[in-house]
$ cat model_33.cif   # mmCIF, C-alpha atoms and all ligand atoms
data_work
#
loop_
_atom_site.group_PDB
_atom_site.id
_atom_site.type_symbol
_atom_site.label_atom_id
_atom_site.label_comp_id
_atom_site.auth_asym_id
_atom_site.auth_seq_id
_atom_site.Cartn_x
_atom_site.Cartn_y
_atom_site.Cartn_z
ATOM 1 C CA MET Y 1 98.666 -43.617 -67.351
ATOM 2 C CA ALA Y 2 98.667 -40.366 -69.233
ATOM 3 C CA GLN Y 3 95.365 -39.275 -67.730
ATOM 4 C CA TYR Y 4 96.703 -39.364 -64.159
ATOM 5 C CA PRO Y 5 98.769 -36.396 -62.875
ATOM 6 C CA ILE Y 6 101.790 -38.414 -61.681
ATOM 7 C CA ASP Y 7 104.534 -36.299 -60.084
ATOM 8 C CA MET Y 8 107.390 -38.392 -58.678
ATOM 9 C CA SER Y 9 109.244 -35.235 -57.578
ATOM 10 C CA VAL Y 10 106.782 -34.838 -54.685
ATOM 11 C CA LYS Y 11 107.990 -37.014 -51.813
ATOM 12 C CA PRO Y 12 105.529 -37.047 -48.911
ATOM 13 C CA ASP Y 13 106.670 -37.947 -45.438
ATOM 14 C CA VAL Y 14 104.851 -41.192 -44.555
ATOM 15 C CA LYS Y 15 104.547 -42.447 -40.987
ATOM 16 C CA ALA Y 16 103.039 -45.887 -40.383
ATOM 17 C CA PHE Y 17 101.027 -47.069 -37.366
ATOM 18 C CA PHE Y 18 100.684 -50.855 -37.204
ATOM 19 C CA ASP Y 19 97.658 -52.331 -35.419
ATOM 20 C CA GLU Y 20 98.569 -55.724 -34.004
ATOM 21 C CA ALA Y 21 94.987 -56.793 -33.317
ATOM 22 C CA THR Y 22 93.914 -56.584 -36.976
ATOM 23 C CA ASN Y 23 97.252 -56.474 -38.855
ATOM 24 C CA THR Y 24 96.195 -53.136 -40.336
ATOM 25 C CA ILE Y 25 98.634 -50.349 -41.165
ATOM 26 C CA SER Y 26 97.317 -46.785 -40.796
ATOM 27 C CA TYR Y 27 99.303 -43.850 -42.168
ATOM 28 C CA ILE Y 28 99.910 -40.176 -41.554
ATOM 29 C CA VAL Y 29 100.994 -38.600 -44.856
ATOM 30 C CA LYS Y 30 102.591 -35.181 -44.494
ATOM 31 C CA ASP Y 31 103.302 -32.547 -47.111
ATOM 32 C CA PRO Y 32 107.066 -31.809 -46.877
ATOM 33 C CA ALA Y 33 106.418 -28.207 -47.979
ATOM 34 C CA SER Y 34 103.759 -27.322 -45.373
ATOM 35 C CA ASN Y 35 102.245 -28.615 -42.137
ATOM 36 C CA ALA Y 36 99.291 -30.225 -43.943
ATOM 37 C CA CYS Y 37 98.657 -33.942 -43.576
ATOM 38 C CA ALA Y 38 96.172 -36.720 -44.280
ATOM 39 C CA VAL Y 39 95.439 -39.961 -42.451
ATOM 40 C CA ILE Y 40 94.731 -43.172 -44.311
ATOM 41 C CA ASP Y 41 92.749 -46.202 -43.066
ATOM 42 C CA THR Y 42 92.467 -45.515 -39.344
ATOM 43 C CA VAL Y 43 91.458 -48.151 -36.785
ATOM 44 C CA MET Y 44 89.064 -48.191 -33.837
ATOM 45 C CA ASP Y 45 89.947 -50.851 -31.263
ATOM 46 C CA MET Y 46 87.290 -53.469 -30.623
ATOM 47 C CA ASP Y 47 87.075 -56.280 -28.116
ATOM 48 C CA TYR Y 48 84.231 -58.055 -29.914
ATOM 49 C CA ALA Y 49 83.652 -60.691 -27.257
ATOM 50 C CA ALA Y 50 83.086 -57.918 -24.706
ATOM 51 C CA GLY Y 51 81.318 -55.513 -27.100
ATOM 52 C CA ARG Y 52 83.875 -52.869 -26.079
ATOM 53 C CA LEU Y 53 85.181 -50.032 -28.264
ATOM 54 C CA THR Y 54 88.315 -48.078 -27.360
ATOM 55 C CA TYR Y 55 90.668 -45.705 -29.150
ATOM 56 C CA ALA Y 56 94.310 -46.348 -28.254
ATOM 57 C CA HIS Y 57 95.386 -46.732 -31.904
ATOM 58 C CA ALA Y 58 93.577 -43.568 -33.015
ATOM 59 C CA ASP Y 59 94.783 -41.650 -29.958
ATOM 60 C CA ALA Y 60 98.414 -42.439 -30.861
ATOM 61 C CA MET Y 61 97.843 -40.931 -34.308
ATOM 62 C CA ILE Y 62 96.072 -37.901 -32.858
ATOM 63 C CA ALA Y 63 98.952 -37.361 -30.415
ATOM 64 C CA ASP Y 64 101.494 -37.554 -33.233
ATOM 65 C CA ILE Y 65 99.592 -35.033 -35.380
ATOM 66 C CA THR Y 66 99.149 -32.699 -32.426
ATOM 67 C CA THR Y 67 102.754 -32.949 -31.238
ATOM 68 C CA ARG Y 68 104.076 -32.165 -34.702
ATOM 69 C CA GLY Y 69 101.653 -29.238 -35.036
ATOM 70 C CA LEU Y 70 100.124 -30.640 -38.227
ATOM 71 C CA GLU Y 71 96.862 -29.640 -39.836
ATOM 72 C CA LEU Y 72 94.702 -32.663 -40.699
ATOM 73 C CA GLN Y 73 93.016 -32.023 -44.035
ATOM 74 C CA TRP Y 74 91.803 -35.486 -45.118
ATOM 75 C CA LEU Y 75 90.759 -38.789 -43.585
ATOM 76 C CA ILE Y 76 90.901 -41.315 -46.406
ATOM 77 C CA GLU Y 77 89.343 -44.778 -46.508
ATOM 78 C CA THR Y 78 90.840 -46.853 -49.318
ATOM 79 C CA HIS Y 79 87.722 -49.049 -49.063
ATOM 80 C CA VAL Y 80 85.043 -50.341 -46.696
ATOM 81 C CA HIS Y 81 87.111 -52.615 -44.483
ATOM 82 C CA ALA Y 82 85.686 -55.957 -43.409
ATOM 83 C CA ASP Y 83 88.316 -56.731 -40.783
ATOM 84 C CA HIS Y 84 88.547 -53.592 -38.666
ATOM 85 C CA LEU Y 85 86.421 -50.610 -37.686
ATOM 86 C CA SER Y 86 87.350 -47.127 -38.896
ATOM 87 C CA ALA Y 87 88.142 -44.393 -36.369
ATOM 88 C CA ALA Y 88 87.760 -41.596 -38.925
ATOM 89 C CA PRO Y 89 84.802 -39.801 -37.248
ATOM 90 C CA TYR Y 90 86.531 -40.011 -33.848
ATOM 91 C CA ILE Y 91 89.681 -38.386 -35.248
ATOM 92 C CA GLN Y 92 87.714 -35.881 -37.320
ATOM 93 C CA GLU Y 93 85.821 -34.714 -34.241
ATOM 94 C CA LYS Y 94 89.139 -33.845 -32.565
ATOM 95 C CA LEU Y 95 91.214 -32.594 -35.502
ATOM 96 C CA GLY Y 96 88.860 -31.713 -38.370
ATOM 97 C CA GLY Y 97 89.439 -32.686 -41.995
ATOM 98 C CA ARG Y 98 87.203 -34.331 -44.582
ATOM 99 C CA ILE Y 99 86.369 -38.046 -44.742
ATOM 100 C CA GLY Y 100 86.633 -39.458 -48.268
ATOM 101 C CA ILE Y 101 85.882 -42.853 -49.863
ATOM 102 C CA GLY Y 102 85.150 -44.246 -53.341
ATOM 103 C CA LYS Y 103 81.803 -43.391 -54.930
ATOM 104 C CA ASN Y 104 80.823 -47.061 -55.143
ATOM 105 C CA ILE Y 105 80.304 -47.007 -51.391
ATOM 106 C CA THR Y 106 76.647 -46.736 -52.427
ATOM 107 C CA ILE Y 107 76.796 -50.282 -53.875
ATOM 108 C CA ILE Y 108 78.186 -51.549 -50.582
ATOM 109 C CA GLN Y 109 75.583 -49.654 -48.586
ATOM 110 C CA ASP Y 110 72.888 -51.208 -50.727
ATOM 111 C CA THR Y 111 74.275 -54.752 -50.361
ATOM 112 C CA PHE Y 112 74.912 -54.600 -46.630
ATOM 113 C CA GLY Y 113 71.878 -52.439 -45.896
ATOM 114 C CA LYS Y 114 69.907 -55.508 -47.015
ATOM 115 C CA ILE Y 115 72.087 -58.011 -45.129
ATOM 116 C CA PHE Y 116 71.634 -56.054 -41.884
ATOM 117 C CA ASN Y 117 67.967 -55.275 -42.663
ATOM 118 C CA GLU Y 118 68.534 -51.564 -42.137
ATOM 119 C CA GLY Y 119 65.438 -49.398 -42.278
ATOM 120 C CA THR Y 120 64.886 -46.470 -44.603
ATOM 121 C CA GLU Y 121 66.651 -44.132 -42.159
ATOM 122 C CA PHE Y 122 69.925 -45.723 -43.295
ATOM 123 C CA GLN Y 123 70.823 -43.634 -46.333
ATOM 124 C CA ARG Y 124 72.421 -45.581 -49.194
ATOM 125 C CA ASP Y 125 73.686 -42.470 -50.977
ATOM 126 C CA GLY Y 126 77.137 -42.096 -49.390
ATOM 127 C CA SER Y 127 75.983 -38.993 -47.515
ATOM 128 C CA GLN Y 128 77.744 -40.199 -44.337
ATOM 129 C CA PHE Y 129 81.038 -39.205 -46.029
ATOM 130 C CA ASP Y 130 82.284 -35.712 -46.883
ATOM 131 C CA GLN Y 131 83.685 -36.670 -50.291
ATOM 132 C CA LEU Y 132 82.934 -39.492 -52.746
ATOM 133 C CA PHE Y 133 85.845 -40.026 -55.127
ATOM 134 C CA GLU Y 134 85.687 -41.107 -58.749
ATOM 135 C CA ASP Y 135 88.529 -42.439 -60.860
ATOM 136 C CA GLY Y 136 90.911 -39.609 -61.780
ATOM 137 C CA ASP Y 137 89.668 -37.176 -59.118
ATOM 138 C CA THR Y 138 92.338 -34.988 -57.517
ATOM 139 C CA TYR Y 139 92.509 -33.292 -54.137
ATOM 140 C CA GLN Y 140 95.049 -31.174 -52.258
ATOM 141 C CA ILE Y 141 97.024 -31.978 -49.116
ATOM 142 C CA GLY Y 142 98.749 -28.654 -48.538
ATOM 143 C CA THR Y 143 100.851 -28.094 -51.684
ATOM 144 C CA MET Y 144 100.598 -31.736 -52.810
ATOM 145 C CA THR Y 145 98.078 -32.835 -55.423
ATOM 146 C CA ALA Y 146 96.816 -36.339 -54.715
ATOM 147 C CA PHE Y 147 94.842 -38.384 -57.224
ATOM 148 C CA VAL Y 148 92.593 -41.403 -57.052
ATOM 149 C CA MET Y 149 92.533 -44.563 -59.159
ATOM 150 C CA HIS Y 150 89.480 -46.817 -58.999
ATOM 151 C CA THR Y 151 90.875 -50.292 -58.272
ATOM 152 C CA PRO Y 152 87.859 -52.556 -57.629
ATOM 153 C CA GLY Y 153 87.891 -56.343 -57.279
ATOM 154 C CA HIS Y 154 88.467 -56.859 -53.559
ATOM 155 C CA THR Y 155 85.354 -54.670 -53.150
ATOM 156 C CA PRO Y 156 83.520 -52.458 -55.681
ATOM 157 C CA ALA Y 157 84.539 -49.241 -53.891
ATOM 158 C CA CYS Y 158 88.310 -49.848 -53.595
ATOM 159 C CA MET Y 159 90.489 -46.876 -54.495
ATOM 160 C CA THR Y 160 94.248 -46.458 -54.729
ATOM 161 C CA HIS Y 161 95.355 -42.997 -53.555
ATOM 162 C CA VAL Y 162 98.512 -41.665 -55.184
ATOM 163 C CA ILE Y 163 100.279 -38.800 -53.424
ATOM 164 C CA GLY Y 164 103.511 -37.787 -55.176
ATOM 165 C CA ASN Y 165 105.797 -40.836 -55.246
ATOM 166 C CA ALA Y 166 103.688 -42.770 -52.717
ATOM 167 C CA ALA Y 167 100.638 -44.898 -53.557
ATOM 168 C CA PHE Y 168 98.275 -46.285 -50.923
ATOM 169 C CA VAL Y 169 96.834 -49.415 -52.454
ATOM 170 C CA GLY Y 170 94.414 -50.534 -49.744
ATOM 171 C CA ASP Y 171 93.813 -54.261 -50.253
ATOM 172 C CA THR Y 172 94.470 -54.206 -53.990
ATOM 173 C CA LEU Y 173 97.923 -55.709 -53.368
ATOM 174 C CA PHE Y 174 99.829 -57.238 -50.475
ATOM 175 C CA MET Y 175 103.609 -57.384 -50.069
ATOM 176 C CA PRO Y 176 105.292 -59.435 -52.861
ATOM 177 C CA ASP Y 177 105.581 -62.584 -50.713
ATOM 178 C CA SER Y 178 101.907 -62.330 -49.686
ATOM 179 C CA GLY Y 179 100.348 -61.710 -53.094
ATOM 180 C CA SER Y 180 96.826 -60.347 -53.085
ATOM 181 C CA ALA Y 181 93.659 -60.003 -50.995
ATOM 182 C CA ARG Y 182 90.550 -62.126 -51.301
ATOM 183 C CA ALA Y 183 87.959 -61.245 -53.910
ATOM 184 C CA ASP Y 184 84.961 -63.212 -52.638
ATOM 185 C CA PHE Y 185 83.103 -60.635 -50.551
ATOM 186 C CA PRO Y 186 79.740 -59.517 -52.007
ATOM 187 C CA GLY Y 187 80.627 -57.389 -55.053
ATOM 188 C CA GLY Y 188 84.184 -58.762 -55.212
ATOM 189 C CA ASP Y 189 85.562 -60.245 -58.453
ATOM 190 C CA ALA Y 190 88.940 -61.904 -59.027
ATOM 191 C CA GLY Y 191 89.127 -60.961 -62.712
ATOM 192 C CA ILE Y 192 88.370 -57.320 -61.949
ATOM 193 C CA LEU Y 193 90.954 -57.412 -59.139
ATOM 194 C CA TYR Y 194 93.575 -58.668 -61.605
ATOM 195 C CA ASP Y 195 92.810 -55.764 -63.961
ATOM 196 C CA SER Y 196 93.014 -53.272 -61.067
ATOM 197 C CA ILE Y 197 96.380 -54.689 -60.004
ATOM 198 C CA GLN Y 198 97.647 -54.152 -63.558
ATOM 199 C CA LYS Y 199 96.602 -50.490 -63.231
ATOM 200 C CA VAL Y 200 98.728 -50.158 -60.088
ATOM 201 C CA LEU Y 201 101.634 -51.983 -61.721
ATOM 202 C CA ALA Y 202 101.508 -49.522 -64.637
ATOM 203 C CA LEU Y 203 102.592 -46.728 -62.266
ATOM 204 C CA PRO Y 204 106.323 -45.794 -62.414
ATOM 205 C CA GLU Y 205 108.688 -48.602 -61.302
ATOM 206 C CA ASP Y 206 110.021 -46.618 -58.350
ATOM 207 C CA MET Y 207 106.584 -45.549 -57.073
ATOM 208 C CA ARG Y 208 106.499 -46.425 -53.364
ATOM 209 C CA LEU Y 209 103.569 -48.709 -52.522
ATOM 210 C CA PHE Y 210 102.051 -48.784 -49.037
ATOM 211 C CA MET Y 211 99.963 -51.756 -47.933
ATOM 212 C CA CYS Y 212 96.851 -51.699 -45.746
ATOM 213 C CA HIS Y 213 97.628 -55.128 -44.269
ATOM 214 C CA ASP Y 214 100.534 -57.435 -43.606
ATOM 215 C CA TYR Y 215 100.536 -60.772 -41.799
ATOM 216 C CA GLY Y 216 104.278 -61.489 -41.718
ATOM 217 C CA PRO Y 217 104.196 -64.798 -43.620
ATOM 218 C CA ASN Y 218 106.726 -67.522 -42.743
ATOM 219 C CA GLY Y 219 107.730 -65.734 -39.566
ATOM 220 C CA ARG Y 220 109.190 -62.624 -41.189
ATOM 221 C CA ASN Y 221 108.782 -59.216 -39.559
ATOM 222 C CA ILE Y 222 105.762 -57.090 -40.475
ATOM 223 C CA GLN Y 223 106.406 -54.966 -43.587
ATOM 224 C CA TRP Y 224 104.242 -52.429 -45.368
ATOM 225 C CA GLU Y 225 106.325 -50.659 -47.989
ATOM 226 C CA THR Y 226 107.501 -51.880 -51.386
ATOM 227 C CA THR Y 227 107.664 -50.524 -54.964
ATOM 228 C CA VAL Y 228 105.918 -51.142 -58.257
ATOM 229 C CA GLY Y 229 109.158 -52.661 -59.600
ATOM 230 C CA GLU Y 230 109.387 -55.122 -56.695
ATOM 231 C CA GLU Y 231 105.757 -56.183 -57.051
ATOM 232 C CA LYS Y 232 106.092 -56.667 -60.812
ATOM 233 C CA ALA Y 233 109.152 -58.844 -60.395
ATOM 234 C CA HIS Y 234 108.269 -60.827 -57.287
ATOM 235 C CA ASN Y 235 104.568 -60.776 -56.365
ATOM 236 C CA ILE Y 236 103.685 -64.427 -55.847
ATOM 237 C CA HIS Y 237 100.161 -64.063 -57.276
ATOM 238 C CA VAL Y 238 100.561 -61.571 -60.112
ATOM 239 C CA GLY Y 239 104.324 -60.959 -60.554
ATOM 240 C CA SER Y 240 106.572 -61.974 -63.446
ATOM 241 C CA GLY Y 241 103.738 -61.822 -65.950
ATOM 242 C CA LYS Y 242 101.272 -64.325 -64.418
ATOM 243 C CA SER Y 243 98.157 -64.553 -66.577
ATOM 244 C CA LYS Y 244 94.681 -63.357 -65.631
ATOM 245 C CA GLU Y 245 93.327 -66.865 -66.181
ATOM 246 C CA ASP Y 246 95.803 -68.403 -63.733
ATOM 247 C CA PHE Y 247 95.159 -65.654 -61.192
ATOM 248 C CA VAL Y 248 91.375 -66.048 -61.304
ATOM 249 C CA LYS Y 249 91.626 -69.827 -60.929
ATOM 250 C CA PHE Y 250 94.072 -69.577 -58.037
ATOM 251 C CA ARG Y 251 92.173 -66.761 -56.270
ATOM 252 C CA THR Y 252 88.778 -68.466 -56.591
ATOM 253 C CA GLU Y 253 90.074 -71.759 -55.187
ATOM 254 C CA ARG Y 254 91.910 -70.066 -52.338
ATOM 255 C CA ASP Y 255 88.957 -67.822 -51.397
ATOM 256 C CA ALA Y 256 86.632 -70.832 -51.190
ATOM 257 C CA GLN Y 257 88.750 -72.067 -48.270
ATOM 258 C CA LEU Y 258 88.889 -68.825 -46.279
ATOM 259 C CA GLY Y 259 86.724 -68.228 -43.221
ATOM 260 C CA MET Y 260 85.083 -64.858 -42.553
ATOM 261 C CA PRO Y 261 87.294 -62.183 -40.929
ATOM 262 C CA LYS Y 262 86.737 -62.085 -37.148
ATOM 263 C CA LEU Y 263 85.345 -58.544 -37.132
ATOM 264 C CA ILE Y 264 83.404 -58.551 -40.415
ATOM 265 C CA ILE Y 265 79.980 -58.179 -38.758
ATOM 266 C CA PRO Y 266 80.737 -55.139 -36.574
ATOM 267 C CA SER Y 267 83.141 -53.674 -39.176
ATOM 268 C CA LEU Y 268 80.611 -53.504 -41.987
ATOM 269 C CA GLN Y 269 77.833 -52.070 -39.826
ATOM 270 C CA VAL Y 270 80.105 -49.261 -38.698
ATOM 271 C CA ASN Y 271 82.212 -48.690 -41.815
ATOM 272 C CA MET Y 272 79.223 -48.480 -44.187
ATOM 273 C CA ARG Y 273 78.146 -45.543 -41.975
ATOM 274 C CA GLY Y 274 81.468 -43.768 -42.467
ATOM 275 C CA GLY Y 275 82.794 -45.139 -39.163
ATOM 276 C CA LYS Y 276 79.787 -44.010 -37.126
ATOM 277 C CA LEU Y 277 77.859 -46.352 -34.866
ATOM 278 C CA PRO Y 278 74.238 -47.240 -35.675
ATOM 279 C CA PRO Y 279 71.594 -44.973 -34.106
ATOM 280 C CA ALA Y 280 70.940 -45.643 -30.411
ATOM 281 C CA ASP Y 281 68.148 -48.014 -29.398
ATOM 282 C CA ASP Y 282 65.133 -46.778 -27.395
ATOM 283 C CA ASP Y 283 67.134 -47.102 -24.167
ATOM 284 C CA GLY Y 284 69.675 -44.638 -25.531
ATOM 285 C CA LYS Y 285 72.343 -47.349 -25.891
ATOM 286 C CA THR Y 286 74.026 -48.559 -29.072
ATOM 287 C CA TYR Y 287 73.734 -52.120 -30.340
ATOM 288 C CA LEU Y 288 75.292 -54.027 -33.236
ATOM 289 C CA LYS Y 289 73.385 -56.815 -34.968
ATOM 290 C CA VAL Y 290 74.482 -60.320 -35.900
ATOM 291 C CA PRO Y 291 72.635 -61.427 -39.030
ATOM 292 C CA VAL Y 292 72.037 -65.162 -38.678
ATOM 293 C CA ASN Y 293 73.003 -67.366 -41.628
ATOM 294 C CA LYS Y 294 73.224 -64.437 -44.061
ATOM 295 C CA LEU Y 295 76.944 -64.067 -44.702
HETATM 296 FE FE FE O 1 89.838 -54.967 -47.031
#

$ encode --input "model_33.cif" --output "C-alpha cells" --more "lines below"
Ligand SMILES: [Fe+2]
Amino acid sequence: MAQYPIDMSVKPDVKAFFDEATNTISYIVKDPASNACAVIDTVMDMDYAAGRLTYAHADAMIADITTRGLELQWLIETHVHADHLSAAPYIQEKLGGRIGIGKNITIIQDTFGKIFNEGTEFQRDGSQFDQLFEDGDTYQIGTMTAFVMHTPGHTPACMTHVIGNAAFVGDTLFMPDSGSARADFPGGDAGILYDSIQKVLALPEDMRLFMCHDYGPNGRNIQWETTVGEEKAHNIHVGSGKSKEDFVKFRTERDAQLGMPKLIIPSLQVNMRGGKLPPADDDGKTYLKVPVNKL
C-alpha cells in the first residue's frame, strides 16, 4: 500500500442517492474544506419497454449540488456499468466538471464495438471521456487528493477511487452479507477479481467503503456503507480468509446460473460512449440496437 497516498485525516462529506429501478447508489462527495465536489456513478432513468429516457435521478443530484452552491469538478465512473445508463454527460452539460474512467475502457470499447457492429466512426480510444485513469493516478477535488486503484475482475476497466477515508469500490465488493459481483461479463475474471478485492482489503481497517449496488438480501433495508474491517471479518464470499481457489469455484458456478441484467443492451451502447447516445439515424432520431444471439 505504500505507493498509494492514503490520508485518513481527510474526511469527505458523502451523500448517497439510491436508484430503486436499478439498485444503484450514486454519490456526491464534497470537500469539507471548500465547496468542491465530485459525483460518482450517476444514473439516467430508462423505461426500456417504452424506449424512454428521463432524468429524475440526475436532476435530484443536480438540484442538491446547486442548492448547496457546490462546484462540480469530477464525474467519476467506477466502471462501464451493464445494469444502468450513466447520466454523466447530462450532468456535465449543466454543471461542468470532467468525466473520468479507467484506461481499460478501450478494451471494453473494442469488445462491445464488435458485439454491436459499430462502424469506424465509433472511436475505441477512450476519447469520449475527459480523463482515463491508470493505477496510482491522483486528482484533486478542491483541497482533497483522490487516488485510483485498478481493481479489475468484474470488468477490465474497474477502478476503486479513494478520497481521504472513503473508498468507492464500484462492483469490486458488495456489502458483507452480499459478497461480490459477477465476473462473467466479457473480459471479467473471477481470479483477477479475488486479487483486486485483496487490494481493497489491504486499505486501512477503518477506511469507509461505499458500494455501487445493494439488493437488500433477506429483506433487510438497503445499505451502501461499510468498512474494510467489516468486509475482512464478515464478507460471505471473501471474508475470514477464504481462499482464492474456493472463491473462483464458487463465483464461476454462481455466475453460470445468472441471467443477463435487464438493461445490459442499452447500458453498454450508451456507457461505452461515455454516457452519450449513439449518433442519430438519417431521420434525425436516435436508436439503440439489440444484437441477436450475441450476448
Ligand atoms: Fe457493474

$ atom_distance --input "model_33.cif" --atom1 "CA of Ile236 in chain Y" --atom2 "CA of Cys158 in chain Y"
21.3 Å

$ residues_near_ligand --input "model_33.cif" --ligand "ligand FE 1 (chain O)" --cutoff "10 Å" --atoms "all atoms listed in the file" --output "count of residues only"
22

$ residues_around --input "model_33.cif" --residues "Tyr90 in chain Y" --least-positions-apart "3" --cutoff "12 Å" --atoms "all atoms listed in the file" --output "JSON, numbers by chain"
{"Y": [42, 43, 44, 45, 53, 54, 55, 56, 57, 58, 59, 61, 62, 75, 85, 86, 87, 93, 94, 95, 96, 97, 99, 274, 275, 276, 277]}

$ atom_distance --input "model_33.cif" --atom1 "CA of Glu230 in chain Y" --atom2 "CA of Thr151 in chain Y"
19.2 Å

$ closest_residue --input "model_33.cif" --among "Y:Ala202, Y:Ile40, Y:Ile192, Y:Ala33" --to "Val14 in chain Y" --atoms "all atoms listed in the file"
Y:Ile40

$ resolve_selection --input "model_33.cif" --expression "the PyMOL selection byres (((chain Y and resi 28) around 7) and not hetatm)" --output "list in words"
Val14, Lys15, Ala16, Tyr27, Val29, Lys30, Cys37, Ala38, Val39 and Ile40 of chain Y

$ residues_around --input "model_33.cif" --residues "Gln123 in chain Y" --least-positions-apart "3" --cutoff "10 Å" --atoms "all atoms listed in the file" --output "JSON, numbers by chain"
{"Y": [106, 109, 110, 113, 118, 119, 120, 126, 127, 128, 272, 273]}

$ residues_near_point --input "model_33.cif" --point "(95.7, -47.9, -51.5)" --cutoff "12 Å" --atoms "only C-alpha atoms" --output "PyMOL selection string"
chain Y and resi 25-27+40-41+76-80+101-102+147-152+154+157-163+166-174+196-197+200+208-213+224-225

$ residues_near_point --input "model_33.cif" --point "(101.1, -61.4, -57.9)" --cutoff "9 Å" --atoms "only C-alpha atoms" --output "list in words"
Leu173, Phe174, Pro176, Asp177, Ser178, Gly179, Ser180, Tyr194, Ile197, Glu231, Lys232, Ala233, His234, Asn235, Ile236, His237, Val238, Gly239, Ser240, Gly241, Lys242 and Phe247 of chain Y

$ closest_residue --input "model_33.cif" --among "Y:Ile91, Y:Ile65, Y:Met144, Y:Leu263" --to "Pro12 in chain Y" --atoms "only C-alpha atoms"
Y:Met144
